[in-house]
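Engineer: Just dropping this structure here.
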Amino acid sequence: MNIVNYRGEIGQSFLEPACGDGQILLQAVQRYLIKNTQDGRSPTDIKNGLEKDFVGYELDPEKHKCCVRNLDDLASQFGFPSVSWQIYLGDALKSSSKKRFFRFIVGNPPYISFANLSSKNRDFCRRRFLSCKKGKFDYSFAFIEHSLAQLEPGGALCFVVPSAIFKVVSGETLREIIKQDLAYLEDGFSDDFFLFDGSPNVSATVFMCEKGSHASTFLYRDRKKGPSIRLPKCNLKRKWVFSLPVKHGRKEVSFGDVYEVHSSVATLLNDAFLLKGHYSKKFFISDDGTVLEKDLVFPAASPSSCSKGTGLFIIFPYVFKERTLFRIPEEVFQTKYPRCYEYLSLRKKDLLKADRDRSSAWFEYGRSQNISHVNRPKLLVSILLTSKVKAYPLSDKTVPYSGIVVYQKSSLYDLEKAKRLLESPAFMEYVKAIGIRSSGKSYRILPSDLKNFAFEEPELV
């Protein structure tokens with residue numbers, strides 16, 4: 001309430017678009033009742049204000065009943081036992097046919113991932129909201145965009161949202177919508193800040209927009225670091241990083257300019273390709289006794305297997321000739337590598353179900369990403385990073401099946417230098433700024449984030 005400067009004045013409309021049992025509405029109504037009772041406003045004016053100024057929506061019938069009951073109990077304490085509340089049972093995105101504008105909109109919009117949305121709701125959001133036109137949007141995107149459109153000029157909106165919406169690729173359009181009126185953003189809530197049903201470890205951010213402000217700066221606060229600072233909105237690029245630009249005396253180099261950065265290979269069905277076992281003189285022998293042609297079985301690595309020291313192997317159904325990757329025709333695969341062919345045939349039904357590229361044969365990985373690079377020395381980094389980054393050197397014979405892979409591009413920047421860069425405190429600070437907060441103290445990054453990491457010459461290189 002303090003962030004949007006809500007004082008409880010009669011005639012100032014207040015909306016909570018997903019009110020649950022009414023915890024936010026209760027705070028607003030209580031402030032309204034205290035102020036107007038102390039100001040000596042007439043009971044008629046106060047009651048009319050309660051019935052006209054406050055609006056809420058809730059889709060769950062039980063929570064809706066609980067919200068109305070809680071509001072009734074509060075109003076009764078101030079001598080208003082029978083208030084006709086505008087608390088509607090339904091979805092705020094669909095329930096209001098009349099266009100209404102509000103002075104204050106405060107809430108915690110529903111956080112429902114794209115995967116958990118019905119096809120009907122996906123289609124509805126794609127048709128209705130710009131923020132949901134592309135990518136795997138979250139239902140909260142629609143609520144934020146819809147609510148911002150309902151603000152009256154000069155009005156204020158304040159929402160508690162998952163911090164990830166300021167980093168994920170699917171949120172780019174939403175961030176542009178928010179940015180034009182962004183006035184305040186507070187980050188750094190504790191990891192156990194409970195906000196969303198079934199998601200007790202979601203990292204939270206509070207942001208506030210003032211309709212029509214169009215200011216070039218906004219006020220930012222990291223709860224863990226102290227007082228607020230004013231930041232320029234021009235710093236908010238595709239991913240939002242909340243820090244003042246640092247001016248260096250030396251030239252900066254982007255990691256992606258001097259190193260190749262790729263995702264790991266994607267088999268689509270690791271269980272069919274990954275193995276435990278050992279090489280014999282002529283064959284590879286798995287732990288269950290299966291004998292396979294060793295020419296198609298390579299050492300395999302993930303950040304997890306590297307950290308634990310667990311040796312895995314992978315069937316690699318391709319061949320390299322003079323560092324060039326070639327696909328194996330099925331008839332050649334069957335005749336030249338009959339043991340691998342027979343082994344994969346046992347999983348053919350499962351492999352055919354996988355969502356693969358149209359040009360991929362059933363016994364291939366299904367995705368072409370990174371397979372043409374694996375026969376080179378490389379570094380492997382996890383996409384999920386905590387207090388310290390570890391970059392694992394891999395040989396040209398090892399196939400990375402998880403994580404982010406780094407290859408040498410220039411003779412001036414070898415993999416040893418890349419390892420020092422990635423394990424430096426500067427890179428971890430960059431990860432904390434650009435990464436998406438995950439459970440605990442971890443941050444999730446993408447290959448593009450690693451490419452964009454800028455470092456100074458000649459330090460560490």
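Going by the structure tokens order, chains are called A, B, ..., each with residues numbered from 1, while ligands are numbered from 1 in the order shown.
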DSSP on the backbone, then: every residue of segment 259-294 of chain A marked helix (DSSP H, G or I), written as a list in words.
Structural biologist: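 So the helix (DSSP H, G or I) residues in segment 259-294 of chain A would be Asn270, Asp271, Ala272, Phe273 and Lys294 of chain A.
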Engineer: Determine the nearest neighbour of Asp187 of chain A from the options A:Gly79, A:Gly289, A:Gly226, A:Pro338, counting only C-alpha atoms.
Structural biologist: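 Nearest to Asp187 of chain A: A:Gly226.
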Engineer: Quick one, how far is atom CA of Arg420 of chain A from atom CA of Ala391 of chain A?
Structural biologist: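 Distance reported for this atom pair: 8.6 Å.
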Engineer: Which is closer to Ile314 of chain A than all the others in A:Cys234, A:Leu33, A:Val399, A:Ile328, using only C-alpha atoms?
Structural biologist: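 The shortest atom-to-atom distance to Ile314 of chain A comes from A:Val399.
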Engineer: Can you tell me, as a list in words, what residues are no more than 12 Å from Asn116 of chain A when counting only C-alpha atoms, ignoring any on the same chain fewer than 5 positions away?
Structural biologist: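 Once the nearby chain positions are removed, what remains is Pro110, Tyr111, Asn121, Arg122, Lys136, Phe137, Asp138 and Tyr139 of chain A.
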Engineer: Using N, CA, C and O atoms, can you write the selected residues to a file as a compact mmCIF listing (two decimals), in the first residue's frame?
Structural biologist:
# COMPACT_ATOMS: atom_id res chain seq x y z
N PRO A 110 -2.03 -14.57 -10.94
CA PRO A 110 -1.85 -16.03 -11.01
C PRO A 110 -0.60 -16.39 -11.78
O PRO A 110 -0.37 -15.88 -12.88
N TYR A 111 0.20 -17.24 -11.21
CA TYR A 111 1.44 -17.68 -11.83
C TYR A 111 1.24 -19.11 -12.34
O TYR A 111 1.39 -20.08 -11.60
N ASN A 121 -7.11 -21.70 -22.88
CA ASN A 121 -6.55 -20.48 -22.30
C ASN A 121 -5.34 -19.99 -23.09
O ASN A 121 -5.11 -18.78 -23.20
N ARG A 122 -4.56 -20.91 -23.63
CA ARG A 122 -3.42 -20.50 -24.47
C ARG A 122 -3.92 -19.72 -25.68
O ARG A 122 -3.39 -18.65 -26.01
N LYS A 136 6.61 -19.36 -24.94
CA LYS A 136 5.90 -20.07 -23.87
C LYS A 136 5.64 -19.10 -22.72
O LYS A 136 6.32 -19.11 -21.70
N PHE A 137 4.62 -18.27 -22.90
CA PHE A 137 4.27 -17.24 -21.93
C PHE A 137 3.68 -17.85 -20.66
O PHE A 137 3.25 -19.01 -20.64
N ASP A 138 3.66 -17.04 -19.63
CA ASP A 138 3.01 -17.42 -18.39
C ASP A 138 1.68 -16.68 -18.28
O ASP A 138 1.52 -15.59 -18.83
N TYR A 139 0.71 -17.27 -17.58
CA TYR A 139 -0.61 -16.64 -17.45
C TYR A 139 -0.52 -15.28 -16.77
O TYR A 139 -1.34 -14.39 -17.02
Engineer: One decimal, Å: what's the distance from atom CA of Lys417 of chain A over to atom CA of Leu446 of chain A, could you say?
Structural biologist: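 According to the coordinates, atom CA of Lys417 of chain A and atom CA of Leu446 of chain A are separated by 20.6 Å.
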Engineer: Of the candidates A:Ser76, A:Ala266, A:Pro299, A:His64, which one gets nearest to Leu89 of chain A if we count only C-alpha atoms?
Structural biologist: A:His64
Engineer: Could you state the separation of atom CA of Arg175 of chain A and atom CA of Ala426 of chain A in Å, given to one decimal place?
Structural biologist: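 Atom CA of Ala426 of chain A lies at a distance of 26.5 Å from atom CA of Arg175 of chain A.
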Engineer: Restricting the calculation to only C-alpha atoms, which member of A:Tyr407, A:Phe326, A:Phe313, A:Tyr259 is positioned closest to Ala454 of chain A?
Structural biologist: A:Tyr259
Engineer: Any idea what's packed within 9 Å of segment 434-443 of chain A, counting only C-alpha atoms, ignoring anything in its chain fewer than 6 positions away? Could you give it as a list in words?
Structural biologist: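 So the residues in contact are Ser163, Ala164, Ile165, Phe166, Lys167, Val168, Asp191, Asp192, Asn201, Val202, Ser203, Lys239, Trp240, Val241, Phe242, Ile383, Leu384, Leu385, Thr386, Ser387 and Asp449 of chain A.
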Engineer: With N, CA, C and O atoms retained, export the selected residues as a compact mmCIF listing (two decimals), in the first residue's frame.
Structural biologist:
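Output file again_21.txt follows:
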# COMPACT_ATOMS: atom_id res chain seq x y z
N SER A 163 10.55 -13.35 -10.06
CA SER A 163 11.67 -12.59 -10.62
C SER A 163 12.02 -13.03 -12.04
O SER A 163 12.57 -12.24 -12.82
N ALA A 164 11.67 -14.26 -12.37
CA ALA A 164 12.04 -14.80 -13.68
C ALA A 164 11.43 -14.03 -14.84
O ALA A 164 11.99 -14.04 -15.94
N ILE A 165 10.31 -13.34 -14.63
CA ILE A 165 9.67 -12.66 -15.77
C ILE A 165 10.56 -11.54 -16.33
O ILE A 165 10.36 -11.12 -17.46
N PHE A 166 11.55 -11.10 -15.55
CA PHE A 166 12.44 -10.04 -16.02
C PHE A 166 13.67 -10.59 -16.74
O PHE A 166 14.52 -9.82 -17.19
N LYS A 167 13.73 -11.92 -16.88
CA LYS A 167 14.87 -12.55 -17.53
C LYS A 167 14.49 -13.45 -18.70
O LYS A 167 15.23 -13.54 -19.68
N VAL A 168 13.35 -14.17 -18.59
CA VAL A 168 13.04 -15.20 -19.59
C VAL A 168 12.80 -14.58 -20.96
O VAL A 168 12.30 -13.46 -21.09
N ASP A 191 14.51 -16.65 -0.39
CA ASP A 191 14.17 -17.78 -1.25
C ASP A 191 12.88 -18.47 -0.83
O ASP A 191 12.22 -19.11 -1.64
N ASP A 192 12.53 -18.37 0.45
CA ASP A 192 11.32 -19.04 0.92
C ASP A 192 10.13 -18.07 1.02
O ASP A 192 9.17 -18.32 1.72
N ASN A 201 9.46 -21.98 -3.37
CA ASN A 201 10.82 -21.47 -3.53
C ASN A 201 10.95 -20.48 -4.68
O ASN A 201 12.02 -20.28 -5.21
N VAL A 202 9.85 -19.88 -5.10
CA VAL A 202 9.90 -18.92 -6.19
C VAL A 202 10.50 -17.61 -5.69
O VAL A 202 10.07 -17.06 -4.68
N SER A 203 11.51 -17.11 -6.39
CA SER A 203 12.10 -15.83 -6.05
C SER A 203 11.18 -14.71 -6.51
O SER A 203 10.69 -14.72 -7.65
N LYS A 239 17.28 -8.71 -21.47
CA LYS A 239 17.18 -9.16 -20.08
C LYS A 239 17.43 -7.96 -19.19
O LYS A 239 18.30 -7.13 -19.48
N TRP A 240 16.70 -7.86 -18.09
CA TRP A 240 16.86 -6.71 -17.22
C TRP A 240 17.93 -6.98 -16.18
O TRP A 240 17.83 -7.91 -15.37
N VAL A 241 18.98 -6.15 -16.21
CA VAL A 241 20.05 -6.22 -15.24
C VAL A 241 20.00 -4.94 -14.42
O VAL A 241 20.03 -3.83 -14.99
N PHE A 242 19.92 -5.07 -13.11
CA PHE A 242 19.70 -3.92 -12.25
C PHE A 242 21.01 -3.48 -11.61
O PHE A 242 21.34 -3.83 -10.47
N ILE A 383 24.29 -25.10 -16.72
CA ILE A 383 23.36 -23.98 -16.89
C ILE A 383 22.83 -23.51 -15.55
O ILE A 383 22.23 -22.44 -15.45
N LEU A 384 23.06 -24.30 -14.48
CA LEU A 384 22.58 -23.96 -13.14
C LEU A 384 23.80 -23.73 -12.25
O LEU A 384 24.56 -24.66 -11.97
N LEU A 385 24.00 -22.49 -11.82
CA LEU A 385 25.21 -22.11 -11.11
C LEU A 385 24.88 -21.58 -9.73
O LEU A 385 23.88 -20.88 -9.55
N THR A 386 25.75 -21.88 -8.77
CA THR A 386 25.52 -21.39 -7.41
C THR A 386 26.63 -20.42 -7.02
O THR A 386 26.86 -19.44 -7.72
N SER A 387 27.34 -20.68 -5.95
CA SER A 387 28.31 -19.71 -5.45
C SER A 387 29.62 -19.74 -6.21
O SER A 387 30.39 -18.78 -6.18
N ASP A 449 23.69 -15.89 -22.65
CA ASP A 449 24.21 -15.13 -21.51
C ASP A 449 25.72 -15.24 -21.43
O ASP A 449 26.42 -14.25 -21.17
Engineer: Which residues are near Ser360 of chain A? Cut-off 12 Å, only C-alpha atoms, ignore same chain within fewer than 6 positions. Put them as a list in words.
Structural biologist: Thr267, Leu268, Pro317, Tyr318, Arg327, Ile328, Pro329, Glu330, Leu351, Leu352, Ala354, Gly366, Arg367, Ser368 and Gln369 of chain A
Engineer: For the residues selected in the previous step, produce a file with all heavy atoms as a tab-separated table (two decimals), in the first residue's frame.
Structural biologist:
chain	number	residue	atom	x	y	z
A	267	THR	N	19.79	-35.63	-27.33
A	267	THR	CA	19.42	-36.93	-27.88
A	267	THR	C	17.91	-37.14	-27.91
A	267	THR	O	17.44	-38.02	-28.61
A	267	THR	CB	20.02	-38.07	-27.06
A	267	THR	OG1	19.36	-38.17	-25.80
A	267	THR	CG2	21.52	-37.86	-26.85
A	268	LEU	N	17.17	-36.37	-27.14
A	268	LEU	CA	15.72	-36.50	-26.98
A	268	LEU	C	15.32	-37.72	-26.15
A	268	LEU	O	14.20	-37.78	-25.63
A	268	LEU	CB	14.99	-36.54	-28.33
A	268	LEU	CG	15.20	-35.35	-29.26
A	268	LEU	CD1	14.31	-35.48	-30.49
A	268	LEU	CD2	14.90	-34.05	-28.54
A	317	PRO	N	25.74	-42.09	-33.17
A	317	PRO	CA	25.44	-42.72	-34.47
A	317	PRO	C	25.81	-41.85	-35.67
A	317	PRO	O	25.03	-41.66	-36.60
A	317	PRO	CB	23.93	-42.94	-34.38
A	317	PRO	CG	23.44	-41.80	-33.56
A	317	PRO	CD	24.53	-41.54	-32.54
A	318	TYR	N	27.01	-41.30	-35.62
A	318	TYR	CA	27.55	-40.48	-36.71
A	318	TYR	C	29.02	-40.80	-36.84
A	318	TYR	O	29.63	-41.42	-35.96
A	318	TYR	CB	27.38	-38.98	-36.40
A	318	TYR	CG	25.99	-38.56	-36.00
A	318	TYR	CD1	25.60	-38.59	-34.66
A	318	TYR	CD2	25.06	-38.13	-36.95
A	318	TYR	CE1	24.31	-38.20	-34.28
A	318	TYR	CE2	23.78	-37.75	-36.58
A	318	TYR	CZ	23.41	-37.79	-35.24
A	318	TYR	OH	22.15	-37.43	-34.88
A	327	ARG	N	26.47	-38.26	-41.64
A	327	ARG	CA	25.41	-39.13	-41.15
A	327	ARG	C	25.54	-40.50	-41.79
A	327	ARG	O	26.02	-40.63	-42.93
A	327	ARG	CB	24.05	-38.50	-41.46
A	327	ARG	CG	23.87	-37.16	-40.77
A	327	ARG	CD	22.68	-36.41	-41.29
A	327	ARG	NE	21.44	-37.11	-40.98
A	327	ARG	CZ	20.24	-36.63	-41.30
A	327	ARG	NH1	20.14	-35.48	-41.95
A	327	ARG	NH2	19.15	-37.31	-40.99
A	328	ILE	N	25.11	-41.51	-41.08
A	328	ILE	CA	25.24	-42.89	-41.55
A	328	ILE	C	23.90	-43.35	-42.13
A	328	ILE	O	22.89	-43.35	-41.41
A	328	ILE	CB	25.65	-43.83	-40.40
A	328	ILE	CG1	26.91	-43.32	-39.72
A	328	ILE	CG2	25.86	-45.25	-40.92
A	328	ILE	CD1	27.28	-44.11	-38.46
A	329	PRO	N	23.84	-43.73	-43.40
A	329	PRO	CA	22.58	-44.27	-43.95
A	329	PRO	C	22.17	-45.51	-43.15
A	329	PRO	O	23.01	-46.28	-42.67
A	329	PRO	CB	22.96	-44.64	-45.39
A	329	PRO	CG	24.15	-43.78	-45.70
A	329	PRO	CD	24.91	-43.65	-44.42
A	330	GLU	N	20.86	-45.72	-43.04
A	330	GLU	CA	20.38	-46.80	-42.19
A	330	GLU	C	20.91	-48.16	-42.63
A	330	GLU	O	21.29	-49.00	-41.78
A	330	GLU	CB	18.85	-46.82	-42.16
A	330	GLU	CG	18.29	-47.88	-41.21
A	330	GLU	CD	16.80	-47.76	-40.98
A	330	GLU	OE1	16.19	-46.80	-41.52
A	330	GLU	OE2	16.26	-48.60	-40.24
A	351	LEU	N	11.84	-44.11	-29.58
A	351	LEU	CA	12.57	-43.10	-30.34
A	351	LEU	C	11.69	-42.44	-31.39
A	351	LEU	O	11.81	-41.23	-31.65
A	351	LEU	CB	13.80	-43.73	-31.00
A	351	LEU	CG	14.93	-44.13	-30.06
A	351	LEU	CD1	15.94	-45.02	-30.76
A	351	LEU	CD2	15.62	-42.89	-29.49
A	352	LEU	N	10.81	-43.21	-31.99
A	352	LEU	CA	9.92	-42.65	-33.01
A	352	LEU	C	8.89	-41.69	-32.41
A	352	LEU	O	8.36	-40.83	-33.11
A	352	LEU	CB	9.21	-43.78	-33.76
A	352	LEU	CG	10.08	-44.56	-34.75
A	352	LEU	CD1	9.33	-45.78	-35.27
A	352	LEU	CD2	10.51	-43.67	-35.91
A	354	ALA	N	9.57	-39.50	-30.14
A	354	ALA	CA	10.23	-38.24	-29.78
A	354	ALA	C	10.00	-37.18	-30.86
A	354	ALA	O	9.90	-37.49	-32.05
A	354	ALA	CB	11.72	-38.48	-29.59
A	366	GLY	N	17.95	-36.80	-33.20
A	366	GLY	CA	16.70	-36.07	-33.39
A	366	GLY	C	16.86	-34.57	-33.48
A	366	GLY	O	15.98	-33.87	-33.97
A	367	ARG	N	17.99	-34.05	-33.00
A	367	ARG	CA	18.31	-32.64	-33.12
A	367	ARG	C	19.75	-32.53	-33.59
A	367	ARG	O	20.62	-33.28	-33.15
A	367	ARG	CB	18.16	-31.91	-31.77
A	367	ARG	CG	16.72	-31.81	-31.27
A	367	ARG	CD	15.97	-30.75	-32.05
A	367	ARG	NE	14.63	-30.54	-31.49
A	367	ARG	CZ	13.56	-31.20	-31.85
A	367	ARG	NH1	13.65	-32.16	-32.78
A	367	ARG	NH2	12.38	-30.97	-31.31
A	368	SER	N	20.01	-31.58	-34.47
A	368	SER	CA	21.35	-31.44	-35.02
A	368	SER	C	22.25	-30.55	-34.19
A	368	SER	O	23.44	-30.42	-34.51
A	368	SER	CB	21.26	-30.88	-36.45
A	368	SER	OG	20.62	-29.60	-36.44
A	369	GLN	N	21.72	-29.94	-33.11
A	369	GLN	CA	22.49	-28.96	-32.36
A	369	GLN	C	23.79	-29.55	-31.80
A	369	GLN	O	23.81	-30.58	-31.17
A	369	GLN	CB	21.66	-28.36	-31.22
A	369	GLN	CG	21.33	-29.32	-30.09
A	369	GLN	CD	20.54	-28.64	-28.98
A	369	GLN	OE1	19.60	-27.92	-29.25
A	369	GLN	NE2	20.91	-28.88	-27.74
Engineer: Which residue out of A:Ile445, A:Leu59, A:Ile3, A:Leu74 has the minimum interatomic distance to Leu219 of chain A when only C-alpha atoms are used?
Structural biologist: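 So, comparing all the options, the nearest one is A:Ile3.
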Engineer: Hey, what does DSSP flag as strand (DSSP E or B) within segment 59-172 of chain A? Can you give it to me as a PDB file with N, CA, C and O atoms, in the first residue's frame?
Structural biologist:
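Written output follows (states.pdb):
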ATOM      1  N   GLN A  86     -18.211  -5.608  -4.376  1.00  0.00           N
ATOM      2  CA  GLN A  86     -17.999  -5.945  -5.781  1.00  0.00           C
ATOM      3  C   GLN A  86     -16.851  -6.961  -5.893  1.00  0.00           C
ATOM      4  O   GLN A  86     -15.818  -6.701  -6.509  1.00  0.00           O
ATOM      5  N   ILE A  87     -17.063  -8.100  -5.278  1.00  0.00           N
ATOM      6  CA  ILE A  87     -16.091  -9.189  -5.332  1.00  0.00           C
ATOM      7  C   ILE A  87     -16.700 -10.278  -6.200  1.00  0.00           C
ATOM      8  O   ILE A  87     -17.649 -10.951  -5.801  1.00  0.00           O
ATOM      9  N   TYR A  88     -16.170 -10.443  -7.393  1.00  0.00           N
ATOM     10  CA  TYR A  88     -16.800 -11.299  -8.397  1.00  0.00           C
ATOM     11  C   TYR A  88     -16.131 -12.675  -8.451  1.00  0.00           C
ATOM     12  O   TYR A  88     -14.899 -12.790  -8.354  1.00  0.00           O
ATOM     13  N   LEU A  89     -16.966 -13.682  -8.631  1.00  0.00           N
ATOM     14  CA  LEU A  89     -16.472 -15.036  -8.828  1.00  0.00           C
ATOM     15  C   LEU A  89     -16.218 -15.235 -10.325  1.00  0.00           C
ATOM     16  O   LEU A  89     -17.154 -15.299 -11.121  1.00  0.00           O
ATOM     17  N   PHE A 102      -9.090   2.129 -13.095  1.00  0.00           N
ATOM     18  CA  PHE A 102      -8.880   2.177 -11.659  1.00  0.00           C
ATOM     19  C   PHE A 102      -7.704   3.069 -11.322  1.00  0.00           C
ATOM     20  O   PHE A 102      -6.725   3.162 -12.072  1.00  0.00           O
ATOM     21  N   ARG A 103      -7.806   3.682 -10.144  1.00  0.00           N
ATOM     22  CA  ARG A 103      -6.721   4.528  -9.648  1.00  0.00           C
ATOM     23  C   ARG A 103      -5.591   3.688  -9.074  1.00  0.00           C
ATOM     24  O   ARG A 103      -4.411   4.022  -9.217  1.00  0.00           O
ATOM     25  N   PHE A 104      -5.948   2.573  -8.439  1.00  0.00           N
ATOM     26  CA  PHE A 104      -4.966   1.679  -7.832  1.00  0.00           C
ATOM     27  C   PHE A 104      -5.281   0.235  -8.220  1.00  0.00           C
ATOM     28  O   PHE A 104      -6.433  -0.190  -8.141  1.00  0.00           O
ATOM     29  N   ILE A 105      -4.251  -0.487  -8.627  1.00  0.00           N
ATOM     30  CA  ILE A 105      -4.373  -1.922  -8.887  1.00  0.00           C
ATOM     31  C   ILE A 105      -3.207  -2.591  -8.177  1.00  0.00           C
ATOM     32  O   ILE A 105      -2.041  -2.325  -8.487  1.00  0.00           O
ATOM     33  N   VAL A 106      -3.525  -3.437  -7.221  1.00  0.00           N
ATOM     34  CA  VAL A 106      -2.499  -4.083  -6.405  1.00  0.00           C
ATOM     35  C   VAL A 106      -2.807  -5.572  -6.332  1.00  0.00           C
ATOM     36  O   VAL A 106      -3.977  -5.951  -6.201  1.00  0.00           O
ATOM     37  N   GLY A 107      -1.782  -6.400  -6.424  1.00  0.00           N
ATOM     38  CA  GLY A 107      -2.078  -7.820  -6.330  1.00  0.00           C
ATOM     39  C   GLY A 107      -0.899  -8.735  -6.580  1.00  0.00           C
ATOM     40  O   GLY A 107       0.257  -8.308  -6.704  1.00  0.00           O
ATOM     41  N   LEU A 151      -5.492   0.873 -15.870  1.00  0.00           N
ATOM     42  CA  LEU A 151      -5.095   1.995 -15.017  1.00  0.00           C
ATOM     43  C   LEU A 151      -5.563   3.312 -15.619  1.00  0.00           C
ATOM     44  O   LEU A 151      -5.402   3.555 -16.815  1.00  0.00           O
ATOM     45  N   GLU A 152      -6.112   4.184 -14.782  1.00  0.00           N
ATOM     46  CA  GLU A 152      -6.463   5.511 -15.260  1.00  0.00           C
ATOM     47  C   GLU A 152      -5.210   6.373 -15.285  1.00  0.00           C
ATOM     48  O   GLU A 152      -4.206   6.063 -14.625  1.00  0.00           O
ATOM     49  N   PRO A 153      -5.173   7.435 -16.068  1.00  0.00           N
ATOM     50  CA  PRO A 153      -3.993   8.307 -16.111  1.00  0.00           C
ATOM     51  C   PRO A 153      -3.602   8.774 -14.718  1.00  0.00           C
ATOM     52  O   PRO A 153      -4.451   9.237 -13.945  1.00  0.00           O
ATOM     53  N   GLY A 154      -2.340   8.615 -14.380  1.00  0.00           N
ATOM     54  CA  GLY A 154      -1.872   8.970 -13.050  1.00  0.00           C
ATOM     55  C   GLY A 154      -2.042   7.866 -12.035  1.00  0.00           C
ATOM     56  O   GLY A 154      -1.584   7.997 -10.889  1.00  0.00           O
ATOM     57  N   GLY A 155      -2.705   6.789 -12.418  1.00  0.00           N
ATOM     58  CA  GLY A 155      -2.926   5.681 -11.508  1.00  0.00           C
ATOM     59  C   GLY A 155      -1.667   4.863 -11.282  1.00  0.00           C
ATOM     60  O   GLY A 155      -0.692   4.957 -12.034  1.00  0.00           O
ATOM     61  N   ALA A 156      -1.701   4.018 -10.239  1.00  0.00           N
ATOM     62  CA  ALA A 156      -0.535   3.224  -9.867  1.00  0.00           C
ATOM     63  C   ALA A 156      -0.893   1.750  -9.770  1.00  0.00           C
ATOM     64  O   ALA A 156      -1.942   1.389  -9.230  1.00  0.00           O
ATOM     65  N   LEU A 157      -0.020   0.924 -10.309  1.00  0.00           N
ATOM     66  CA  LEU A 157      -0.160  -0.534 -10.234  1.00  0.00           C
ATOM     67  C   LEU A 157       1.048  -1.091  -9.509  1.00  0.00           C
ATOM     68  O   LEU A 157       2.187  -0.695  -9.778  1.00  0.00           O
ATOM     69  N   CYS A 158       0.810  -2.019  -8.601  1.00  0.00           N
ATOM     70  CA  CYS A 158       1.897  -2.679  -7.885  1.00  0.00           C
ATOM     71  C   CYS A 158       1.595  -4.172  -7.815  1.00  0.00           C
ATOM     72  O   CYS A 158       0.557  -4.574  -7.297  1.00  0.00           O
ATOM     73  N   PHE A 159       2.504  -4.985  -8.350  1.00  0.00           N
ATOM     74  CA  PHE A 159       2.327  -6.433  -8.367  1.00  0.00           C
ATOM     75  C   PHE A 159       3.542  -7.130  -7.755  1.00  0.00           C
ATOM     76  O   PHE A 159       4.679  -6.672  -7.908  1.00  0.00           O
ATOM     77  N   VAL A 160       3.273  -8.244  -7.107  1.00  0.00           N
ATOM     78  CA  VAL A 160       4.317  -9.168  -6.678  1.00  0.00           C
ATOM     79  C   VAL A 160       4.369 -10.274  -7.720  1.00  0.00           C
ATOM     80  O   VAL A 160       3.363 -10.927  -7.989  1.00  0.00           O
ATOM     81  N   VAL A 161       5.541 -10.484  -8.330  1.00  0.00           N
ATOM     82  CA  VAL A 161       5.662 -11.437  -9.437  1.00  0.00           C
ATOM     83  C   VAL A 161       6.923 -12.268  -9.269  1.00  0.00           C
ATOM     84  O   VAL A 161       7.842 -11.886  -8.527  1.00  0.00           O
ATOM     85  N   PRO A 162       7.009 -13.396  -9.964  1.00  0.00           N
ATOM     86  CA  PRO A 162       8.263 -14.160  -9.967  1.00  0.00           C
ATOM     87  C   PRO A 162       9.372 -13.352 -10.636  1.00  0.00           C
ATOM     88  O   PRO A 162       9.157 -12.727 -11.676  1.00  0.00           O
TER      89      PRO A 162
END
